[in-house]
file input.cif (mmCIF, C-alpha atoms and all ligand atoms)
data_work
#
loop_
_atom_site.label_atom_id
_atom_site.label_comp_id
_atom_site.auth_asym_id
_atom_site.auth_seq_id
_atom_site.Cartn_x
_atom_site.Cartn_y
_atom_site.Cartn_z
CA MET A 9 143.65 78.35 20.00
CA GLY A 10 145.43 79.87 17.05
CA ILE A 11 148.55 78.86 15.23
CA ILE A 12 151.03 76.88 17.26
CA PRO A 13 153.96 79.19 17.85
CA ALA A 14 157.49 78.24 16.94
CA CYS A 15 159.40 76.64 19.74
CA SER A 16 162.92 77.27 20.82
CA GLY A 17 165.09 74.29 21.44
CA CYS A 18 162.45 71.79 20.35
CA PRO A 19 163.75 68.96 18.21
CA SER A 20 160.32 68.47 16.65
CA PRO A 21 158.50 71.81 16.76
CA GLN A 22 155.49 70.42 14.91
CA LYS A 23 154.69 68.32 17.96
CA CYS A 24 155.13 71.21 20.30
CA GLY A 25 151.62 72.11 21.39
CA LYS A 26 150.57 75.13 23.37
CA GLY A 27 152.06 73.62 26.48
CA GLY A 28 155.46 73.62 24.88
CA ILE A 29 155.89 69.90 25.32
CA CYS A 30 157.95 68.23 22.66
CA GLY A 31 158.37 64.62 21.71
CA LYS A 32 160.26 62.45 24.23
CA GLY A 33 158.74 64.41 27.09
CA ARG A 34 161.07 67.33 26.60
CA ILE A 35 159.69 70.61 27.75
CA THR A 36 160.60 73.72 25.88
CA MET A 37 159.31 77.21 25.71
CA CYS A 38 157.01 78.27 22.92
CA HIS A 39 157.35 81.85 21.80
CA GLY A 40 154.30 83.84 22.60
CA SER A 41 152.76 81.29 24.95
CA LEU A 42 154.99 81.57 27.96
CA GLY A 43 151.99 81.52 30.31
CA ASN A 44 150.80 78.13 29.11
CA ALA A 45 154.26 76.71 28.79
CA ARG A 46 155.02 77.74 32.30
CA ARG A 47 151.88 76.32 33.84
CA GLU A 48 152.13 73.00 32.08
CA ALA A 49 155.85 72.62 32.54
CA LEU A 50 155.45 73.26 36.24
CA ALA A 51 152.62 70.74 36.43
CA ILE A 52 154.81 68.12 34.79
CA LEU A 53 157.74 68.89 37.04
CA SER A 54 155.56 68.67 40.13
CA ALA A 55 154.10 65.38 38.97
CA SER A 56 157.53 63.89 38.49
CA LEU A 57 158.63 65.17 41.91
CA VAL A 58 155.66 63.44 43.50
CA GLY A 59 156.60 60.25 41.65
CA VAL A 60 160.14 60.22 42.96
CA GLY A 61 159.03 61.15 46.46
CA ALA A 62 156.46 58.39 46.56
CA SER A 63 158.80 55.67 45.38
CA ILE A 64 161.47 56.72 47.86
CA GLY A 65 158.88 56.59 50.64
CA LEU A 66 157.96 53.08 49.61
CA ALA A 67 161.57 51.96 49.52
CA GLN A 68 162.06 53.28 53.04
CA THR A 69 159.13 51.44 54.57
CA ARG A 70 160.41 48.22 53.02
CA GLN A 71 163.89 48.92 54.30
CA TYR A 72 165.28 48.59 50.83
CA PRO A 73 168.14 50.69 49.51
CA VAL A 74 166.80 54.10 50.33
CA PHE A 75 167.97 55.86 47.21
CA THR A 76 168.50 53.53 44.27
CA PRO A 77 170.24 54.27 40.97
CA ASP A 78 166.73 54.50 39.48
CA HIS A 79 165.84 57.22 41.95
CA LEU A 80 169.01 59.03 40.97
CA ASN A 81 168.10 58.68 37.32
CA SER A 82 164.62 60.15 37.71
CA ALA A 83 165.83 62.88 40.02
CA MET A 84 168.51 63.84 37.49
CA LYS A 85 166.03 63.87 34.63
CA THR A 86 163.95 66.38 36.58
CA VAL A 87 167.02 68.44 37.48
CA GLY A 88 167.95 68.44 33.79
CA LEU A 89 164.48 69.56 32.67
CA ALA A 90 164.17 72.22 35.33
CA PHE A 91 167.66 73.59 34.81
CA ASN A 92 167.14 73.68 31.07
CA LEU A 93 164.10 75.87 31.69
CA VAL A 94 166.22 78.11 33.94
CA GLY A 95 168.47 78.69 30.93
CA HIS A 96 165.56 79.42 28.61
CA SER A 97 164.04 81.85 31.09
CA ILE A 98 167.35 83.67 31.49
CA GLU A 99 167.65 83.94 27.72
CA LYS A 100 164.21 85.46 27.68
CA HIS A 101 165.16 87.91 30.41
CA ASP A 102 162.63 86.50 32.82
CA PRO A 103 164.53 86.15 36.10
CA GLU A 104 161.33 85.57 38.07
CA LEU A 105 160.45 82.49 36.06
CA ALA A 106 164.09 81.38 36.11
CA LYS A 107 164.03 81.54 39.90
CA ASP A 108 160.96 79.30 39.97
CA TYR A 109 162.60 76.63 37.88
CA LEU A 110 165.86 76.98 39.74
CA ALA A 111 164.11 76.27 43.04
CA ARG A 112 162.75 73.06 41.55
CA ALA A 113 166.10 72.00 40.16
CA ARG A 114 167.74 72.74 43.48
CA ASP A 115 165.17 70.82 45.55
CA GLN A 116 165.50 67.82 43.37
CA LEU A 117 169.28 67.90 43.19
CA ALA A 118 169.50 68.26 46.97
CA THR A 119 167.61 64.98 47.52
CA THR A 120 170.29 63.09 45.58
CA ILE A 121 172.78 63.62 48.40
CA THR A 122 171.25 60.51 49.97
CA PHE A 123 172.51 58.40 47.10
CA TRP A 124 176.11 59.45 47.72
CA ARG A 125 175.81 59.34 51.51
CA ASP A 126 174.52 55.77 51.43
CA ARG A 127 177.59 54.82 49.39
CA LYS A 128 179.96 57.05 51.35
CA VAL A 129 181.25 58.83 48.25
CA GLU A 130 182.64 61.94 49.94
CA GLU A 131 184.00 63.48 46.77
CA ALA A 132 180.59 63.38 45.10
CA ILE A 133 179.02 64.93 48.19
CA ALA A 134 181.55 67.78 47.94
CA LEU A 135 180.75 68.25 44.23
CA LEU A 136 177.06 68.26 44.99
CA ARG A 137 177.42 70.82 47.79
CA ASP A 138 179.49 73.01 45.51
CA ASN A 139 176.76 72.79 42.89
CA LEU A 140 174.05 73.77 45.38
CA LYS A 141 176.15 76.75 46.49
CA LYS A 142 176.50 77.92 42.90
CA MET A 143 172.74 77.59 42.46
CA ASP A 144 172.26 79.73 45.55
CA ALA A 145 174.60 82.38 44.15
CA LEU A 146 172.57 82.37 40.93
CA ASP A 147 169.35 82.67 42.91
CA THR A 148 170.73 85.60 44.91
CA ALA A 149 171.74 87.42 41.73
CA MET A 150 168.15 87.13 40.48
CA SER A 151 166.56 88.08 43.79
CA VAL A 152 166.49 91.82 43.19
CA ASP A 153 163.99 94.08 41.47
CA LYS A 154 163.60 92.90 37.91
CA ASP A 155 165.03 96.07 36.34
CA LYS A 156 168.09 95.82 38.59
CA VAL A 157 169.00 92.27 37.64
CA ASP A 158 172.42 92.14 35.99
CA MET A 159 171.60 89.65 33.26
CA ARG A 160 175.23 89.26 32.20
CA ALA A 161 176.27 88.33 35.70
CA VAL A 162 173.28 85.99 35.87
CA ALA A 163 174.29 84.28 32.62
CA GLU A 164 177.82 83.85 33.94
CA LEU A 165 176.61 82.36 37.24
CA SER A 166 174.36 80.03 35.31
CA ARG A 167 177.35 78.88 33.24
CA GLN A 168 179.19 78.19 36.49
CA VAL A 169 176.35 75.98 37.68
CA SER A 170 176.48 74.05 34.40
CA ALA A 171 180.23 73.63 34.70
CA SER A 172 179.72 72.27 38.18
CA CYS A 173 177.08 69.79 36.90
CA GLU A 174 179.57 68.70 34.26
CA ALA A 175 182.35 68.19 36.81
CA CYS A 176 180.27 65.60 38.59
CA HIS A 177 179.10 64.01 35.34
CA ALA A 178 182.66 63.67 34.08
CA ARG A 179 183.60 61.86 37.25
CA TYR A 180 180.53 59.72 38.02
CA ARG A 181 178.35 59.41 34.94
CA GLU A 182 178.62 57.22 31.90
CA GLN A 183 176.58 56.86 28.75
CA ASP A 184 175.58 53.56 27.27
CA PRO A 185 177.15 53.61 23.79
CA ILE A 186 174.15 51.84 22.25
CA SER A 187 171.04 53.03 24.06
CA LYS A 188 172.64 56.44 24.82
CA GLU A 189 171.06 56.22 28.27
CA TYR A 190 172.94 57.79 31.13
CA ARG A 191 173.82 55.79 34.21
CA VAL A 192 175.95 56.20 37.22
CA LYS A 193 179.37 54.63 36.64
CA SER A 194 179.23 50.88 37.07
CA GLU A 195 181.74 50.88 39.92
CA LEU A 196 179.02 52.52 42.02
CA LEU A 197 176.34 50.04 41.01
CA LYS A 198 178.04 47.17 42.81
CA PRO A 199 176.22 46.27 45.98
C1 LIG A 201 177.17 64.92 42.56
C2 LIG A 201 177.12 64.54 41.19
C3 LIG A 201 176.18 65.21 40.23
C4 LIG A 201 175.83 66.53 40.14
C5 LIG A 201 176.33 67.69 40.99
C6 LIG A 201 174.90 66.63 39.04
N1 LIG A 201 174.68 65.42 38.46
FE1 LIG A 201 173.46 65.03 36.89
N2 LIG A 201 173.96 63.08 36.99
C7 LIG A 201 174.85 62.51 37.89
C8 LIG A 201 174.94 61.09 37.63
C9 LIG A 201 175.80 60.10 38.41
C10 LIG A 201 174.10 60.82 36.54
C11 LIG A 201 173.82 59.47 35.89
C12 LIG A 201 172.66 58.84 36.59
C13 LIG A 201 171.54 58.48 35.70
O1 LIG A 201 171.13 59.30 34.85
O2 LIG A 201 171.00 57.37 35.85
C14 LIG A 201 173.51 62.09 36.15
C15 LIG A 201 172.59 62.24 35.11
C16 LIG A 201 172.09 63.43 34.68
C17 LIG A 201 171.23 63.59 33.54
C18 LIG A 201 170.79 62.48 32.59
C19 LIG A 201 169.50 61.87 33.04
C20 LIG A 201 169.03 60.88 32.00
O3 LIG A 201 169.15 59.69 32.25
O4 LIG A 201 168.55 61.34 30.96
C21 LIG A 201 170.91 64.90 33.46
C22 LIG A 201 170.01 65.56 32.43
C23 LIG A 201 171.59 65.58 34.55
N3 LIG A 201 172.30 64.65 35.26
C24 LIG A 201 171.51 66.94 34.78
C25 LIG A 201 172.22 67.58 35.80
C26 LIG A 201 172.24 69.01 35.97
C27 LIG A 201 171.52 70.01 35.09
C28 LIG A 201 173.03 69.25 37.07
C29 LIG A 201 173.41 70.55 37.67
C30 LIG A 201 172.38 71.53 37.91
C31 LIG A 201 173.51 67.97 37.55
N4 LIG A 201 172.99 66.99 36.75
C32 LIG A 201 174.33 67.84 38.64
C33 LIG A 201 175.54 63.17 38.87
C34 LIG A 201 175.46 64.51 39.15
#

call {"tool": "encode", "arguments": {"input": "input.cif", "output": "structure tokens", "more": "lines below"}}
Ligand code: HEC
result
Amino acid sequence: MGIIPACSGCPSPQKCGKGGICGKGRITMCHGSLGNARREALAILSASLVGVGASIGLAQTRQYPVFTPDHLNSAMKTVGLAFNLVGHSIEKHDPELAKDYLARARDQLATTITFWRDRKVEEAIALLRDNLKKMDALDTAMSVDKDKVDMRAVAELSRQVSASCEACHARYREQDPISKEYRVKSELLKP
């Protein structure tokens, strides 16, 4: 292949190969190689979905906590990756691709309801449902002929989804000051 194209949003573009995969497993879009970026990003997303699915299955057969904080963490990482790609695709005026990524983000986010149900956190369930509704509104706005998509409305709906993600994060997420890792607030980690 030729020269590696510049990447948008990649912290270390020199590492960003044709698949658009940056250091630390981040996936970004490379200009001029959307096809490759898309295929590989989707492959990675699917692989991580299988991973989460398989470990949840295992936990269930052992009658262990069905949806552990680790499951939540990997599900959220996938939601984050996929939703990030939704944003990139919208910026690039590619609603079709954005819809693809959105479906993956939505699927993965929807599974996390189990975490909150197991712990009977009704408020989080409400925040999650609200988020899924906003994703559906975004999906609907992009589900028209490409030349009829109102990209400004789409961008606004996408911002509303992000705001809804943030509402839950502000309430239930904390960041380790040293490792910078995100975790669910410690009050929810108690057995
Ligand atoms: C109902 C609550 C809730 C909603 C809604 C929610 N999140 Fe999260 N999210 C969490 C919690 C709790 C954590 C911390 C858990 C963890 O990362 O271990 C988290 C962590 C994350 C992380 C950090 C993962 C990591 O460890 O690097 C990302 C990225 C993320 N969320 C993205 C999103 C996006 C994007 C949306 C919206 C499309 C969203 N989340 C919606 C609760 C939520």

call {"tool": "residues_near_ligand", "arguments": {"input": "input.cif", "ligand": "ligand LIG 201 (chain A)", "cutoff": "6 Å", "atoms": "all atoms listed in the file", "output": "PyMOL selection string"}}
result
chain A and resi 80-81+84-85+87-88+91+132-133+135-136+139+169-170+173+176-177+180-181+189-192

call {"tool": "residues_around", "arguments": {"input": "input.cif", "residues": "Thr120 (chain A)", "least_positions_apart": "2", "cutoff": "10 Å", "atoms": "all atoms listed in the file", "output": "PyMOL selection string"}}
result
chain A and resi 75-77+79-81+83-84+115-118+122-125+133+136

call {"tool": "atom_distance", "arguments": {"input": "input.cif", "atom1": "CA of Glu99 (chain A)", "atom2": "CA of Arg137 (chain A)"}}
result
25.9 Å

call {"tool": "atom_distance", "arguments": {"input": "input.cif", "atom1": "CA of Glu182 (chain A)", "atom2": "CA of Ser194 (chain A)"}}
result
8.2 Å

call {"tool": "closest_residue", "arguments": {"input": "input.cif", "among": "A:Ala163, A:Met143, A:Ile186, A:Ala175", "to": "Glu131 (chain A)", "atoms": "all atoms listed in the file"}}
result
A:Ala175

call {"tool": "closest_residue", "arguments": {"input": "input.cif", "among": "A:Leu146, A:Leu165, A:Ala178, A:Leu196", "to": "Val129 (chain A)", "atoms": "only C-alpha atoms"}}
result
A:Leu196

call {"tool": "atom_distance", "arguments": {"input": "input.cif", "atom1": "CA of Val157 (chain A)", "atom2": "CA of Leu105 (chain A)"}}
result
13.1 Å

call {"tool": "closest_residue", "arguments": {"input": "input.cif", "among": "A:Glu104, A:Asp126, A:Asp78, A:Glu164", "to": "Val152 (chain A)", "atoms": "all atoms listed in the file"}}
result
A:Glu104

call {"tool": "closest_residue", "arguments": {"input": "input.cif", "among": "A:Ala171, A:Met159, A:Ile121, A:Leu110", "to": "Asp147 (chain A)", "atoms": "all atoms listed in the file"}}
result
A:Leu110

call {"tool": "closest_residue", "arguments": {"input": "input.cif", "among": "A:Thr86, A:Thr148, A:Ser97, A:Gln168", "to": "Thr119 (chain A)", "atoms": "all atoms listed in the file"}}
result
A:Thr86
